[in-house]
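**Student:** Structure file entry-v8.cif, mmCIF, C-alpha atoms, is pasted below:
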data_coords
#
loop_
_atom_site.label_atom_id
_atom_site.label_comp_id
_atom_site.auth_asym_id
_atom_site.auth_seq_id
_atom_site.Cartn_x
_atom_site.Cartn_y
_atom_site.Cartn_z
CA MET F 168 34.93 -9.70 3.85
CA GLU F 169 31.63 -10.66 2.34
CA ASP F 170 29.88 -9.59 5.53
CA SER F 171 31.43 -6.17 5.67
CA ARG F 172 30.55 -5.60 2.04
CA THR F 173 26.92 -6.42 2.81
CA LEU F 174 26.97 -4.02 5.75
CA VAL F 175 28.32 -1.21 3.58
CA ALA F 176 25.68 -1.95 0.93
CA LEU F 177 22.95 -1.83 3.59
CA LEU F 178 24.26 1.52 4.79
CA PHE F 179 24.29 2.97 1.28
CA VAL F 180 20.76 1.80 0.54
CA PHE F 181 19.05 2.82 3.77
CA ALA F 182 20.74 6.13 4.66
CA PRO F 183 19.59 7.89 1.45
CA LEU F 184 16.11 6.40 1.83
CA SER F 185 15.95 7.91 5.31
CA LEU F 186 16.39 11.40 3.85
CA VAL F 187 13.63 11.09 1.23
CA SER F 188 11.02 9.31 3.35
CA ILE F 189 8.57 12.21 3.18
CA GLY F 190 5.32 10.95 4.62
CA GLY F 191 6.99 8.40 6.89
CA GLY F 192 8.48 4.95 6.54
CA PRO F 193 5.84 3.58 4.12
CA ALA F 194 6.82 6.32 1.65
CA VAL F 195 10.02 4.45 0.80
CA PHE F 196 8.64 0.89 0.96
CA ALA F 197 8.47 0.80 -2.85
CA GLU F 198 12.15 1.55 -3.30
CA MET F 199 13.07 -0.55 -0.25
CA GLN F 200 11.36 -3.53 -1.84
CA HIS F 201 13.11 -2.91 -5.16
CA GLU F 202 16.56 -2.61 -3.56
CA ALA F 203 16.18 -5.46 -1.06
CA VAL F 204 14.50 -7.95 -3.41
CA VAL F 205 15.51 -7.13 -6.97
CA VAL F 206 18.86 -5.34 -6.75
CA HIS F 207 20.58 -7.01 -3.78
CA GLY F 208 18.54 -10.15 -3.14
CA TRP F 209 18.68 -9.75 0.64
CA VAL F 210 15.15 -11.13 0.93
CA THR F 211 12.79 -12.91 -1.44
CA GLN F 212 9.51 -11.38 -2.61
CA ARG F 213 7.61 -13.61 -0.21
CA GLN F 214 9.88 -12.82 2.73
CA PHE F 215 9.50 -9.10 2.10
CA GLY F 216 5.72 -9.39 2.32
CA ASP F 217 5.91 -11.60 5.41
CA LEU F 218 8.39 -9.32 7.23
CA PHE F 219 6.17 -6.36 6.37
CA ALA F 220 3.23 -8.19 7.94
CA ILE F 221 5.26 -8.99 11.08
CA SER F 222 6.51 -5.44 11.54
CA ARG F 223 3.04 -4.00 11.03
CA ALA F 224 1.31 -6.27 13.52
CA ALA F 225 4.06 -6.01 16.18
CA PRO F 226 4.39 -3.01 18.52
CA GLY F 227 6.42 0.00 17.44
CA PRO F 228 6.61 1.72 14.06
CA GLY F 229 5.89 -0.35 10.94
CA ALA F 230 9.17 0.99 9.57
CA LEU F 231 10.95 -1.61 11.72
CA LEU F 232 10.59 -3.54 8.45
CA ALA F 233 13.92 -1.88 7.61
CA THR F 234 15.52 -3.35 10.75
CA LEU F 235 14.15 -6.78 9.84
CA ILE F 236 15.61 -6.60 6.33
CA GLY F 237 18.99 -5.74 7.86
CA TRP F 238 18.66 -8.66 10.25
CA GLN F 239 17.73 -11.03 7.44
CA ALA F 240 20.63 -9.80 5.28
CA ALA F 241 23.44 -9.73 7.85
CA GLY F 242 22.22 -10.87 11.27
CA TRP F 243 22.28 -8.72 14.40
CA LEU F 244 24.98 -6.42 13.09
CA GLY F 245 22.90 -5.88 9.97
CA ALA F 246 19.91 -4.96 12.12
CA VAL F 247 21.98 -2.40 14.03
CA VAL F 248 23.54 -0.89 10.88
CA VAL F 249 20.18 -0.54 9.13
CA SER F 250 18.49 0.90 12.22
CA LEU F 251 21.15 3.60 12.49
CA ALA F 252 21.21 4.24 8.74
CA PHE F 253 17.44 4.49 8.45
CA PHE F 254 16.49 6.32 11.65
CA LEU F 255 19.46 8.61 12.33
CA PRO F 256 19.75 10.87 9.23
CA SER F 257 16.08 11.89 9.21
CA SER F 258 16.19 12.44 12.98
CA ILE F 259 19.10 14.87 12.59
CA VAL F 260 17.21 16.72 9.84
CA VAL F 261 14.06 17.12 11.91
CA TYR F 262 16.15 18.18 14.93
CA VAL F 263 17.69 21.01 12.90
CA ALA F 264 14.43 21.85 11.13
CA ALA F 265 12.62 22.37 14.44
CA HIS F 266 14.57 25.57 14.93
CA PHE F 267 13.48 27.08 11.60
CA TRP F 268 9.96 25.73 11.92
CA ASN F 269 9.29 27.77 15.03
CA ARG F 270 10.67 30.91 13.41
CA LEU F 271 8.29 30.44 10.46
CA ARG F 272 5.28 30.15 12.75
CA GLY F 273 2.47 32.37 11.54
CA SER F 274 4.14 33.24 8.21
CA ALA F 275 2.73 32.21 4.84
CA TRP F 276 5.64 29.81 4.43
CA HIS F 277 4.45 27.77 7.35
CA SER F 278 1.20 26.73 5.66
CA THR F 279 2.90 26.51 2.25
CA VAL F 280 5.30 23.90 3.56
CA GLU F 281 2.51 22.09 5.40
CA ASP F 282 0.30 21.89 2.29
CA GLY F 283 3.06 21.42 -0.26
CA PHE F 284 4.34 18.15 1.09
CA VAL F 285 0.93 16.49 1.46
CA PRO F 286 0.41 15.31 -2.17
CA ILE F 287 4.01 14.05 -2.40
CA ALA F 288 3.66 12.14 0.87
CA ALA F 289 0.27 10.70 -0.13
CA GLY F 290 1.61 9.62 -3.55
CA LEU F 291 4.63 7.94 -1.97
CA VAL F 292 2.54 6.09 0.61
CA LEU F 293 0.21 4.80 -2.11
CA ALA F 294 3.26 3.72 -4.12
CA GLY F 295 4.50 1.79 -1.07
CA ALA F 296 1.16 0.01 -0.73
CA PHE F 297 1.21 -0.82 -4.44
CA ALA F 298 4.73 -2.25 -4.22
CA ILE F 299 3.74 -4.49 -1.32
CA LEU F 300 0.64 -5.74 -3.09
CA GLN F 301 2.75 -6.57 -6.13
CA SER F 302 5.35 -8.43 -4.10
CA GLY F 303 4.84 -12.06 -3.26
CA GLY F 304 2.61 -12.55 -6.28
CA THR F 305 -0.46 -11.21 -4.55
CA ASP F 306 -3.55 -12.58 -6.24
CA LEU F 307 -7.09 -11.29 -6.58
CA LEU F 308 -7.79 -12.33 -2.99
CA GLY F 309 -4.97 -10.09 -1.74
CA TRP F 310 -6.09 -7.06 -3.74
CA GLY F 311 -9.68 -7.63 -2.62
CA THR F 312 -8.65 -7.85 1.02
CA ALA F 313 -6.57 -4.67 0.71
CA PHE F 314 -9.44 -2.71 -0.83
CA CYS F 315 -11.94 -3.95 1.76
CA VAL F 316 -9.57 -2.89 4.54
CA ALA F 317 -8.96 0.50 2.90
CA ALA F 318 -12.70 1.06 2.50
CA CYS F 319 -13.29 0.07 6.11
CA ARG F 320 -10.55 2.46 7.24
CA LEU F 321 -12.12 5.36 5.34
CA TRP F 322 -15.66 4.51 6.31
CA ARG F 323 -14.97 3.89 10.01
CA PRO F 324 -11.72 5.67 10.93
CA ASN F 325 -12.26 5.03 14.65
CA PHE F 326 -11.98 1.24 14.44
CA HIS F 327 -8.67 0.24 16.00
CA PRO F 328 -6.25 -0.61 13.16
CA LEU F 329 -5.26 -3.85 14.86
CA ILE F 330 -8.87 -5.08 14.73
CA VAL F 331 -9.16 -4.17 11.05
CA LEU F 332 -5.82 -5.86 10.41
CA GLY F 333 -6.93 -9.03 12.22
CA LEU F 334 -10.29 -9.19 10.43
CA GLY F 335 -8.62 -8.67 7.05
CA ALA F 336 -6.04 -11.37 7.74
CA ALA F 337 -8.72 -13.80 8.93
CA LEU F 338 -10.85 -13.11 5.86
CA PHE F 339 -7.87 -13.67 3.57
CA ALA F 340 -6.76 -16.87 5.35
CA PHE F 341 -10.29 -18.24 5.23
CA GLY F 342 -10.50 -17.46 1.51
CA ARG F 343 -7.11 -19.04 0.86
CA VAL F 344 -8.06 -22.25 2.68
CA ILE F 345 -11.43 -22.83 1.03
CA VAL F 346 -10.34 -21.89 -2.50
CA MET C 170 11.95 24.50 20.16
CA LYS C 171 13.10 27.10 22.66
CA THR C 172 11.93 30.07 20.64
CA SER C 173 8.34 28.88 20.40
CA ALA C 174 5.39 31.17 20.91
CA VAL C 175 4.42 29.03 23.84
CA GLU C 176 6.72 30.99 26.11
CA ALA C 177 4.31 33.86 25.86
CA THR C 178 1.53 31.84 27.46
CA GLU C 179 1.15 31.26 31.18
CA PRO C 180 4.10 29.60 32.94
CA ARG C 181 3.78 25.96 33.75
CA PRO C 182 5.40 24.07 36.63
CA PRO C 183 9.02 23.06 35.88
CA ARG C 184 9.36 19.72 34.16
CA ARG C 185 11.04 16.92 36.03
CA ALA C 186 11.69 14.63 33.10
CA GLY C 187 15.18 13.13 32.99
CA PHE C 188 16.98 10.85 30.54
CA ALA C 189 16.00 7.59 32.23
CA GLU C 190 12.43 8.67 32.82
CA LEU C 191 11.97 9.69 29.21
CA PHE C 192 13.56 6.46 27.95
CA LEU C 193 11.21 4.37 30.09
CA LEU C 194 8.14 6.40 29.15
CA PHE C 195 8.84 6.13 25.42
CA SER C 196 9.64 2.42 25.80
CA LYS C 197 6.24 1.97 27.36
CA ILE C 198 4.58 3.94 24.57
CA GLY C 199 6.46 1.99 21.89
CA LEU C 200 5.74 -1.39 23.40
CA SER C 201 2.04 -0.77 23.99
CA SER C 202 1.37 0.55 20.48
CA PHE C 203 0.30 -2.64 18.76
CA GLY C 204 -0.89 -2.02 15.23
CA GLY C 205 -0.11 1.69 15.11
CA GLY C 206 -1.68 4.74 16.65
CA VAL C 207 1.53 5.69 18.47
CA SER C 208 0.96 9.44 18.22
CA ALA C 209 -2.36 9.06 20.03
CA TRP C 210 -0.56 7.24 22.85
CA MET C 211 2.00 10.02 23.05
CA HIS C 212 -0.75 12.61 23.22
CA THR C 213 -2.44 10.79 26.10
CA ALA C 214 0.79 10.26 28.03
CA LEU C 215 2.38 13.68 27.55
CA VAL C 216 -0.44 16.18 27.08
CA GLU C 217 -3.39 14.73 28.94
CA ARG C 218 -1.83 12.75 31.76
CA ARG C 219 1.44 14.48 32.62
CA ARG C 220 0.82 17.93 31.11
CA TRP C 221 4.44 18.21 30.03
CA LEU C 222 3.26 19.74 26.73
CA ASP C 223 0.20 21.76 25.79
CA GLU C 224 -2.04 21.17 22.77
CA THR C 225 -0.36 23.82 20.62
CA GLU C 226 3.12 22.49 21.22
CA PHE C 227 2.00 18.95 20.49
CA SER C 228 0.10 19.70 17.27
CA SER C 229 2.88 21.94 15.98
CA ALA C 230 5.41 19.17 16.61
CA LEU C 231 3.10 16.62 14.98
CA ALA C 232 2.69 18.80 11.89
CA LEU C 233 6.45 19.14 11.51
CA ALA C 234 7.02 15.44 12.21
CA ARG C 235 4.62 14.55 9.40
CA ILE C 236 6.08 16.71 6.66
CA MET C 237 9.77 16.08 7.36
CA PRO C 238 11.45 12.95 6.01
CA GLY C 239 11.60 10.12 8.49
CA VAL C 240 9.17 7.93 10.36
CA ASN C 241 6.52 10.28 11.75
CA ILE C 242 6.50 9.00 15.31
CA VAL C 243 10.30 8.83 15.47
CA ASN C 244 10.39 12.47 14.37
CA LEU C 245 7.78 13.28 16.99
CA ALA C 246 9.93 11.56 19.64
CA VAL C 247 12.95 13.65 18.55
CA LEU C 248 10.97 16.89 18.81
CA ILE C 249 9.29 16.09 22.13
CA GLY C 250 12.44 14.69 23.73
CA HIS C 251 14.36 17.78 22.66
CA ARG C 252 11.62 20.09 23.92
CA LEU C 253 11.50 18.43 27.34
CA VAL C 254 15.13 17.65 28.14
CA GLY C 255 17.31 18.84 25.26
CA PHE C 256 19.61 16.79 23.06
CA SER C 257 19.90 13.87 25.48
CA GLY C 258 16.11 13.85 25.72
CA ALA C 259 15.80 13.39 21.96
CA VAL C 260 18.24 10.46 22.15
CA ALA C 261 16.39 8.93 25.12
CA ALA C 262 12.98 9.23 23.46
CA VAL C 263 14.05 7.72 20.12
CA ALA C 264 16.02 4.92 21.78
CA GLY C 265 13.10 4.13 24.06
CA LEU C 266 10.67 4.07 21.15
CA LEU C 267 12.82 1.78 18.98
CA VAL C 268 14.94 -0.57 21.12
CA GLY C 269 12.17 -2.60 22.80
CA PRO C 270 9.99 -2.99 19.69
CA SER C 271 13.07 -3.90 17.59
CA LEU C 272 13.85 -6.80 19.90
CA ILE C 273 10.25 -7.99 19.79
CA VAL C 274 10.03 -7.74 16.03
CA ILE C 275 13.30 -9.68 15.60
CA ALA C 276 12.07 -12.33 18.04
CA ALA C 277 8.93 -12.63 15.91
CA ALA C 278 11.08 -12.93 12.78
CA ILE C 279 13.11 -15.74 14.41
CA LEU C 280 9.87 -17.60 15.13
CA TYR C 281 8.79 -16.95 11.56
CA ARG C 282 12.01 -18.55 10.29
CA GLN C 283 11.24 -21.65 12.37
CA PHE C 284 7.70 -22.05 11.17
CA ALA C 285 7.83 -20.71 7.60
CA GLY C 286 6.15 -23.15 5.29
CA VAL C 287 3.31 -24.03 7.65
CA MET C 288 0.34 -23.39 5.42
CA ILE C 289 -1.97 -21.62 7.83
CA LEU C 290 0.85 -19.31 9.02
CA ASP C 291 1.69 -18.43 5.43
CA ALA C 292 -1.94 -17.60 4.74
CA VAL C 293 -2.25 -15.44 7.87
CA LEU C 294 0.96 -13.54 7.07
CA ALA C 295 -0.04 -12.96 3.46
CA GLY C 296 -3.46 -11.81 4.68
CA THR C 297 -1.89 -9.47 7.23
CA ALA C 298 0.41 -8.01 4.56
CA ALA C 299 -2.53 -7.42 2.21
CA SER C 300 -4.59 -5.86 5.02
CA ALA C 301 -1.70 -3.65 6.14
CA ALA C 302 -1.27 -2.49 2.55
CA GLY C 303 -4.99 -1.69 2.64
CA LEU C 304 -4.43 0.44 5.74
CA LEU C 305 -1.73 2.33 3.83
CA ILE C 306 -4.12 2.89 0.92
CA GLY C 307 -6.65 4.27 3.40
CA THR C 308 -4.03 6.64 4.84
CA GLY C 309 -2.88 7.85 1.43
CA VAL C 310 -6.39 8.38 0.09
CA LYS C 311 -7.48 10.17 3.24
CA SER C 312 -4.62 12.66 3.44
CA GLY C 313 -4.49 13.19 -0.33
CA GLY C 314 -8.27 13.47 -0.60
CA ARG C 315 -8.52 16.08 2.11
CA ILE C 316 -6.16 18.53 0.45
CA VAL C 317 -7.59 17.91 -3.03
CA ARG C 318 -11.10 18.53 -1.74
CA ARG C 319 -10.01 21.73 -0.01
CA GLY C 320 -8.56 22.96 -3.29
CA LEU C 321 -11.62 22.09 -5.34
CA GLU C 322 -14.26 23.38 -2.94
CA SER C 323 -12.98 26.89 -2.36
CA ASN C 324 -13.66 29.45 -5.09
CA GLY C 325 -10.83 30.39 -7.39
CA ARG C 326 -8.63 27.57 -6.18
CA THR C 327 -9.67 24.91 -8.67
CA ALA C 328 -6.24 25.11 -10.28
CA GLN C 329 -4.69 24.15 -6.98
CA GLY C 330 -7.00 21.17 -6.60
CA VAL C 331 -6.20 19.92 -10.09
CA GLY C 332 -2.49 20.59 -9.66
CA THR C 333 -2.47 18.71 -6.39
CA ILE C 334 -4.11 15.69 -8.04
CA VAL C 335 -1.53 15.79 -10.84
CA ILE C 336 1.36 15.83 -8.37
CA LEU C 337 -0.13 13.06 -6.24
CA VAL C 338 -0.78 10.82 -9.26
CA ALA C 339 2.62 11.61 -10.78
CA THR C 340 4.41 10.71 -7.54
CA PHE C 341 2.49 7.45 -7.31
CA ALA C 342 3.02 6.51 -10.96
CA LEU C 343 6.73 7.39 -11.07
CA VAL C 344 7.70 5.68 -7.81
CA GLY C 345 5.12 2.90 -7.52
CA VAL C 346 4.53 1.80 -11.10
CA LEU C 347 7.56 2.94 -13.12
CA ARG C 348 9.96 2.45 -10.18
CA PHE C 349 11.86 5.68 -10.67
CA PRO C 350 14.27 6.44 -7.82
CA THR C 351 12.38 8.04 -4.95
CA ALA C 352 15.01 10.74 -4.35
CA ALA C 353 14.96 12.06 -7.93
CA THR C 354 11.17 12.05 -8.02
CA VAL C 355 10.88 13.90 -4.72
CA LEU C 356 13.52 16.47 -5.72
CA CYS C 357 11.72 17.21 -9.00
CA LEU C 358 8.14 17.30 -7.74
CA THR C 359 8.58 19.01 -4.36
CA PRO C 360 9.41 22.47 -5.81
CA CYS C 361 6.30 22.26 -8.06
CA SER C 362 4.14 21.25 -5.15
CA LEU C 363 5.50 23.99 -2.87
CA ALA C 364 5.00 26.62 -5.59
CA LEU C 365 1.42 25.47 -6.03
CA ALA C 366 0.74 25.67 -2.30
CA TRP C 367 2.42 29.09 -2.12
CA PHE C 368 0.28 30.64 -4.86
CA ALA C 369 -2.89 29.03 -3.51
CA GLY C 370 -2.06 30.40 -0.08
CA ARG C 371 -1.59 33.92 -1.46
CA LYS C 372 -5.19 34.03 -2.65
CA THR C 373 -6.59 33.23 0.76
CA PRO C 374 -4.06 34.62 3.20
CA THR C 375 -6.20 34.43 6.32
CA GLY C 376 -8.27 31.95 8.22
CA ARG C 377 -6.10 28.89 7.87
CA HIS C 378 -5.14 26.82 10.82
CA TYR C 379 -3.87 23.34 11.40
CA ASP C 380 -6.74 20.97 12.08
CA GLY C 381 -4.77 18.65 14.34
CA GLY C 382 -5.25 15.55 12.17
#
Write out the structure in this file as C-alpha cells.

**Tutor:**
Amino acid sequence: MEDSRTLVALLFVFAPLSLVSIGGGPAVFAEMQHEAVVVHGWVTQRQFGDLFAISRAAPGPGALLATLIGWQAAGWLGAVVVSLAFFLPSSIVVYVAAHFWNRLRGSAWHSTVEDGFVPIAAGLVLAGAFAILQSGGTDLLGWGTAFCVAACRLWRPNFHPLIVLGLGAALFAFGRVIV
Amino acid sequence: MKTSAVEATEPRPPRRAGFAELFLLFSKIGLSSFGGGVSAWMHTALVERRRWLDETEFSSALALARIMPGVNIVNLAVLIGHRLVGFSGAVAAVAGLLVGPSLIVIAAAILYRQFAGVMILDAVLAGTAASAAGLLIGTGVKSGGRIVRRGLESNGRTAQGVGTIVILVATFALVGVLRFPTAATVLCLTPCSLALAWFAGRKTPTGRHYDGG
C-alpha cells in the first residue's frame, strides 16, 4: 500500500517535469531537488548531491539522476516508473513536433522558436546548477570549485568534460582533506 | 521527418538499419559517452562513419532536440530513430541509449550505498557534484551569452538583447532562488520570449542560419 502510493507520487512528480524540461534534464534539477528532498523526502540533501555526481560521471545522460531518485525511493520498480514518467512524455512531444518542425523550415517562425527558447533554457539550467550547489550544504570550497570549472569550460571548451570533472573533483577533495 | 527538404537533394543508398541494429548502435553510443558529449558521438557514428544522415538532417534534428522539452540527447535519439526506421526505430534508439547506462548508474549507486561514509569517497563525490554544477554554469552562460551578445551587437536590436537578459535572469531567479514551480514560470515567460524573438527577427529577416552549435 505504502509502496504503491510512493510509485504514484513519483509518477505525478516526474511526468509533469518531463514536459517542462526545456533545455534538457538539468533545467528541472531545481524543482526535482525541491520535490525529492523537501516535499517528499525520498532522498536527503547529501544523497541528492551524491547521486547527481554519480549520474554525471557515469555513461549516459546526466538526467539518469531521475532514475536514481526513483530507485532510492522505491527500488527497481521506482526506477522503472520514474524512467518512463520522465523520458516518455517529452519523447512523445518531440516525436509529434518533428512533423511541424519540418513544415516550418525556412519560415520566420523557425528562427523565432529557435531563438525564443534559448534564454528560458539557459535560465533554467543555471537555476539547476544553483539548486545543486545549495544542496548538501555546499561551502565556499564547493562554490569555488564550481566557478573554476565553469571558467575552464568557457575558456577551453575543447577540454573533455570528464577531464575537467576529474580535475575539479580532485581539487575539491584535496582542499577538503587539508582544511 | 518524411517531408523534409532533404528529399530534394541527391538520392542516397537505401538504409539498412533495423530495430536490433539501431538498439545496439545506440547502446554503444550511450555506454561509451562517459561525462557527456553524447551528441558528438552520434554525429560521428551516424553522419561521418555510416552516412545514414547528412549534415543538414543532423543539425536540424539537433536544433529541435535542444528547444523541445526533454533530455536533449534522448530527443535526438527519438528524431534520428524515427527518421531511419520509423516508430520502432525511435523506440529502439531511446531504449538503447537508456537501458545500459541505467543499469550501470544503479550499480554505481548500490556501491555508493555500501561505502557511503568513507571520508575520501564523500569528498570525491561532493567535489564531482560541485564540478558538474560548474559544467552546467558553463553551459548556461555560454548559450545565454551567445544570444544576448547577438542582440546587443547588431544595430537596432539592443531592445532584444536587454529583453533576453531580463527573461534569462527572471527565469533563473524565479525557479532557482525563489523556487517558483517550473511549469508556471515557463508558461508565463515563454510567450514573452517568443514575442521578443519574433519582433527581433522581423527587423532582420534574412541572413540567419543555424550555426550547428

**Student:** Can you list, as a PyMOL selection string, the residues that the PyMOL selection byres ((chain F and resi 314) around 12) selects here?

**Tutor:** (chain F and resi 296-297+300+307-313+315-322+331+335+339) or (chain C and resi 299-307+310)

**Student:** Could you take the residues named above and write them with C-alpha atoms, as a short mmCIF file (atom, residue, chain, number, x, y, z; two decimals), in the coordinates of the input?

**Tutor:**
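Final file, again.cif:
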data_model
loop_
_atom_site.label_atom_id
_atom_site.label_comp_id
_atom_site.auth_asym_id
_atom_site.auth_seq_id
_atom_site.Cartn_x
_atom_site.Cartn_y
_atom_site.Cartn_z
CA ALA F 296 1.16 0.01 -0.73
CA PHE F 297 1.21 -0.82 -4.44
CA LEU F 300 0.64 -5.74 -3.09
CA LEU F 307 -7.09 -11.29 -6.58
CA LEU F 308 -7.79 -12.33 -2.99
CA GLY F 309 -4.97 -10.09 -1.74
CA TRP F 310 -6.09 -7.06 -3.74
CA GLY F 311 -9.68 -7.63 -2.62
CA THR F 312 -8.65 -7.85 1.02
CA ALA F 313 -6.57 -4.67 0.71
CA CYS F 315 -11.94 -3.95 1.76
CA VAL F 316 -9.57 -2.89 4.54
CA ALA F 317 -8.96 0.50 2.90
CA ALA F 318 -12.70 1.06 2.50
CA CYS F 319 -13.29 0.07 6.11
CA ARG F 320 -10.55 2.46 7.24
CA LEU F 321 -12.12 5.36 5.34
CA TRP F 322 -15.66 4.51 6.31
CA VAL F 331 -9.16 -4.17 11.05
CA GLY F 335 -8.62 -8.67 7.05
CA PHE F 339 -7.87 -13.67 3.57
CA ALA C 299 -2.53 -7.42 2.21
CA SER C 300 -4.59 -5.86 5.02
CA ALA C 301 -1.70 -3.65 6.14
CA ALA C 302 -1.27 -2.49 2.55
CA GLY C 303 -4.99 -1.69 2.64
CA LEU C 304 -4.43 0.44 5.74
CA LEU C 305 -1.73 2.33 3.83
CA ILE C 306 -4.12 2.89 0.92
CA GLY C 307 -6.65 4.27 3.40
CA VAL C 310 -6.39 8.38 0.09
#

**Student:** Can you tell me, as an NGL selection string, which residues sit within 12 Å of (9.5, -6.0, 20.2) in the file's frame, using only C-alpha atoms?

**Tutor:** (:F and (221-229 or 231 or 234-235)) or (:C and (196-203 or 265-279))

**Student:** Between C:His251, C:Leu358, C:Val240, C:Val287, which one has atoms that come closest to chain F, using all atoms listed in the file?

**Tutor:**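 That would be C:Val240, the residue with the smallest distance to chain F.
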
**Student:** Counting all atoms listed in the file, which residue out of C:Phe256, C:Phe188, C:Trp221, C:Phe349 sits closest to F:Ala197?

**Tutor:**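 Looking at the shortest contact to F:Ala197, the residue is C:Phe349.
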
**Student:** Do a neighbour search on F:Ala182 at 7 Å with all atoms listed in the file, toss out local chain neighbours closer than 5 positions, and write the hits as an NGL selection string.

**Tutor:** :F and (252-253 or 256)

**Student:** Return the single residue from C:Leu280, C:Leu193, C:Ala209, C:Val338 that is closest to chain F, with distances computed using only C-alpha atoms.

**Tutor:**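 Comparing C:Leu280, C:Leu193, C:Ala209, C:Val338 against chain F, the winner is C:Val338.
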
**Student:** Interatomic distance between atom CA of F:Gly333 and atom CA of C:Gly239?

**Tutor:**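 The value is 26.9 Å.
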
**Student:** Show me, as a PyMOL selection string, the residues that have an atom within 9 Å of C:Ala246 when counting all atoms listed in the file, minus same-chain residues fewer than 3 positions from it.

**Tutor:** chain C and resi 195+211+234+241-243+249-251+258-263+266

**Student:** Would you export the selected residues with C-alpha atoms as a PDB file, keeping the file's coordinate frame, please?

**Tutor:**
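Written file, out-v8.pdb:
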ATOM      1  CA  PHE C 195       8.840   6.130  25.420  1.00  0.00           C
ATOM      2  CA  MET C 211       2.000  10.020  23.050  1.00  0.00           C
ATOM      3  CA  ALA C 234       7.020  15.440  12.210  1.00  0.00           C
ATOM      4  CA  ASN C 241       6.520  10.280  11.750  1.00  0.00           C
ATOM      5  CA  ILE C 242       6.500   9.000  15.310  1.00  0.00           C
ATOM      6  CA  VAL C 243      10.300   8.830  15.470  1.00  0.00           C
ATOM      7  CA  ILE C 249       9.290  16.090  22.130  1.00  0.00           C
ATOM      8  CA  GLY C 250      12.440  14.690  23.730  1.00  0.00           C
ATOM      9  CA  HIS C 251      14.360  17.780  22.660  1.00  0.00           C
ATOM     10  CA  GLY C 258      16.110  13.850  25.720  1.00  0.00           C
ATOM     11  CA  ALA C 259      15.800  13.390  21.960  1.00  0.00           C
ATOM     12  CA  VAL C 260      18.240  10.460  22.150  1.00  0.00           C
ATOM     13  CA  ALA C 261      16.390   8.930  25.120  1.00  0.00           C
ATOM     14  CA  ALA C 262      12.980   9.230  23.460  1.00  0.00           C
ATOM     15  CA  VAL C 263      14.050   7.720  20.120  1.00  0.00           C
ATOM     16  CA  LEU C 266      10.670   4.070  21.150  1.00  0.00           C
TER      17      LEU C 266
END

**Student:** So, counting all atoms listed in the file, which residue among F:Val344, F:Leu255, F:Ala289, F:Ala233 is closest to chain C?

**Tutor:** F:Ala289

**Student:** F:Leu291: which residues within 8 Å, counting all atoms listed in the file, same-chain residues fewer than 2 positions away excluded, as a short mmCIF file (atom, residue, chain, number, x, y, z; two decimals) with C-alpha atoms, keeping the file's coordinate frame?

**Tutor:**
data_model
loop_
_atom_site.label_atom_id
_atom_site.label_comp_id
_atom_site.auth_asym_id
_atom_site.auth_seq_id
_atom_site.Cartn_x
_atom_site.Cartn_y
_atom_site.Cartn_z
CA ILE F 189 8.57 12.21 3.18
CA GLY F 190 5.32 10.95 4.62
CA PRO F 193 5.84 3.58 4.12
CA ALA F 194 6.82 6.32 1.65
CA VAL F 195 10.02 4.45 0.80
CA ILE F 287 4.01 14.05 -2.40
CA ALA F 288 3.66 12.14 0.87
CA ALA F 289 0.27 10.70 -0.13
CA LEU F 293 0.21 4.80 -2.11
CA ALA F 294 3.26 3.72 -4.12
CA GLY F 295 4.50 1.79 -1.07
CA THR C 340 4.41 10.71 -7.54
CA PHE C 341 2.49 7.45 -7.31
CA VAL C 344 7.70 5.68 -7.81
CA GLY C 345 5.12 2.90 -7.52
#

**Student:** I'd like to see the residues matched by the PyMOL selection byres ((chain F and resi 177) around 8) on this file, and ideally I'd get them as a list in words.

**Tutor:**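 Expected selection for the PyMOL selection byres ((chain F and resi 177) around 8) here is Thr173, Leu174, Val175, Ala176, Leu178, Phe179, Val180, Phe181, Gly237, Gly245, Val248 and Val249 of chain F.
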
**Student:** Could the residues in this selection be saved with C-alpha atoms as a PDB file, in the frame of the given file?

**Tutor:**
ATOM      1  CA  THR F 173      26.920  -6.420   2.810  1.00  0.00           C
ATOM      2  CA  LEU F 174      26.970  -4.020   5.750  1.00  0.00           C
ATOM      3  CA  VAL F 175      28.320  -1.210   3.580  1.00  0.00           C
ATOM      4  CA  ALA F 176      25.680  -1.950   0.930  1.00  0.00           C
ATOM      5  CA  LEU F 178      24.260   1.520   4.790  1.00  0.00           C
ATOM      6  CA  PHE F 179      24.290   2.970   1.280  1.00  0.00           C
ATOM      7  CA  VAL F 180      20.760   1.800   0.540  1.00  0.00           C
ATOM      8  CA  PHE F 181      19.050   2.820   3.770  1.00  0.00           C
ATOM      9  CA  GLY F 237      18.990  -5.740   7.860  1.00  0.00           C
ATOM     10  CA  GLY F 245      22.900  -5.880   9.970  1.00  0.00           C
ATOM     11  CA  VAL F 248      23.540  -0.890  10.880  1.00  0.00           C
ATOM     12  CA  VAL F 249      20.180  -0.540   9.130  1.00  0.00           C
TER      13      VAL F 249
END

**Student:** Would you translate the PyMOL selection byres ((chain C and resi 252) around 12) into the concrete set of residues it matches in this file, as a VMD selection string?

**Tutor:** (chain F and resid 262 265 to 266 269) or (chain C and resid 170 to 173 175 184 186 to 187 191 215 221 to 223 226 to 227 229 to 230 245 to 251 253 to 260 262)

**Student:** How many Å separate atom CA of C:Ile334 from atom CA of C:Thr351?

**Tutor:**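 Spanning atom CA of C:Ile334 to atom CA of C:Thr351 is a straight-line distance of 18.4 Å.
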
**Student:** What does the distance between atom CA of C:Leu347 and atom CA of F:Ser188 come to in Å, to one decimal place?

**Tutor:**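 Here the two named atoms are 18.0 Å from each other.
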
**Student:** Of the candidates F:Ala240, F:Gly273, F:Leu332, F:Asn325, which one gets nearest to chain C if we count only C-alpha atoms?

**Tutor:**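 Selected residue with least distance to chain C: F:Leu332.
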
**Student:** Which of these residues is nearest to chain C, using all atoms listed in the file: F:Met199, F:Gly283, F:Leu338, F:His327?

**Tutor:**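 Selected residue with least distance to chain C: F:Gly283.
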
**Student:** Axis-aligned box over every listed atom of stretch 222-232 of chain F, padded by 5 Å per side: centre and edges in Å to one decimal, as AutoDock Vina command-line options?

**Tutor:**
--center_x 6.1 --center_y -2.3 --center_z 13.5 --size_x 19.6 --size_y 18.0 --size_z 20.1
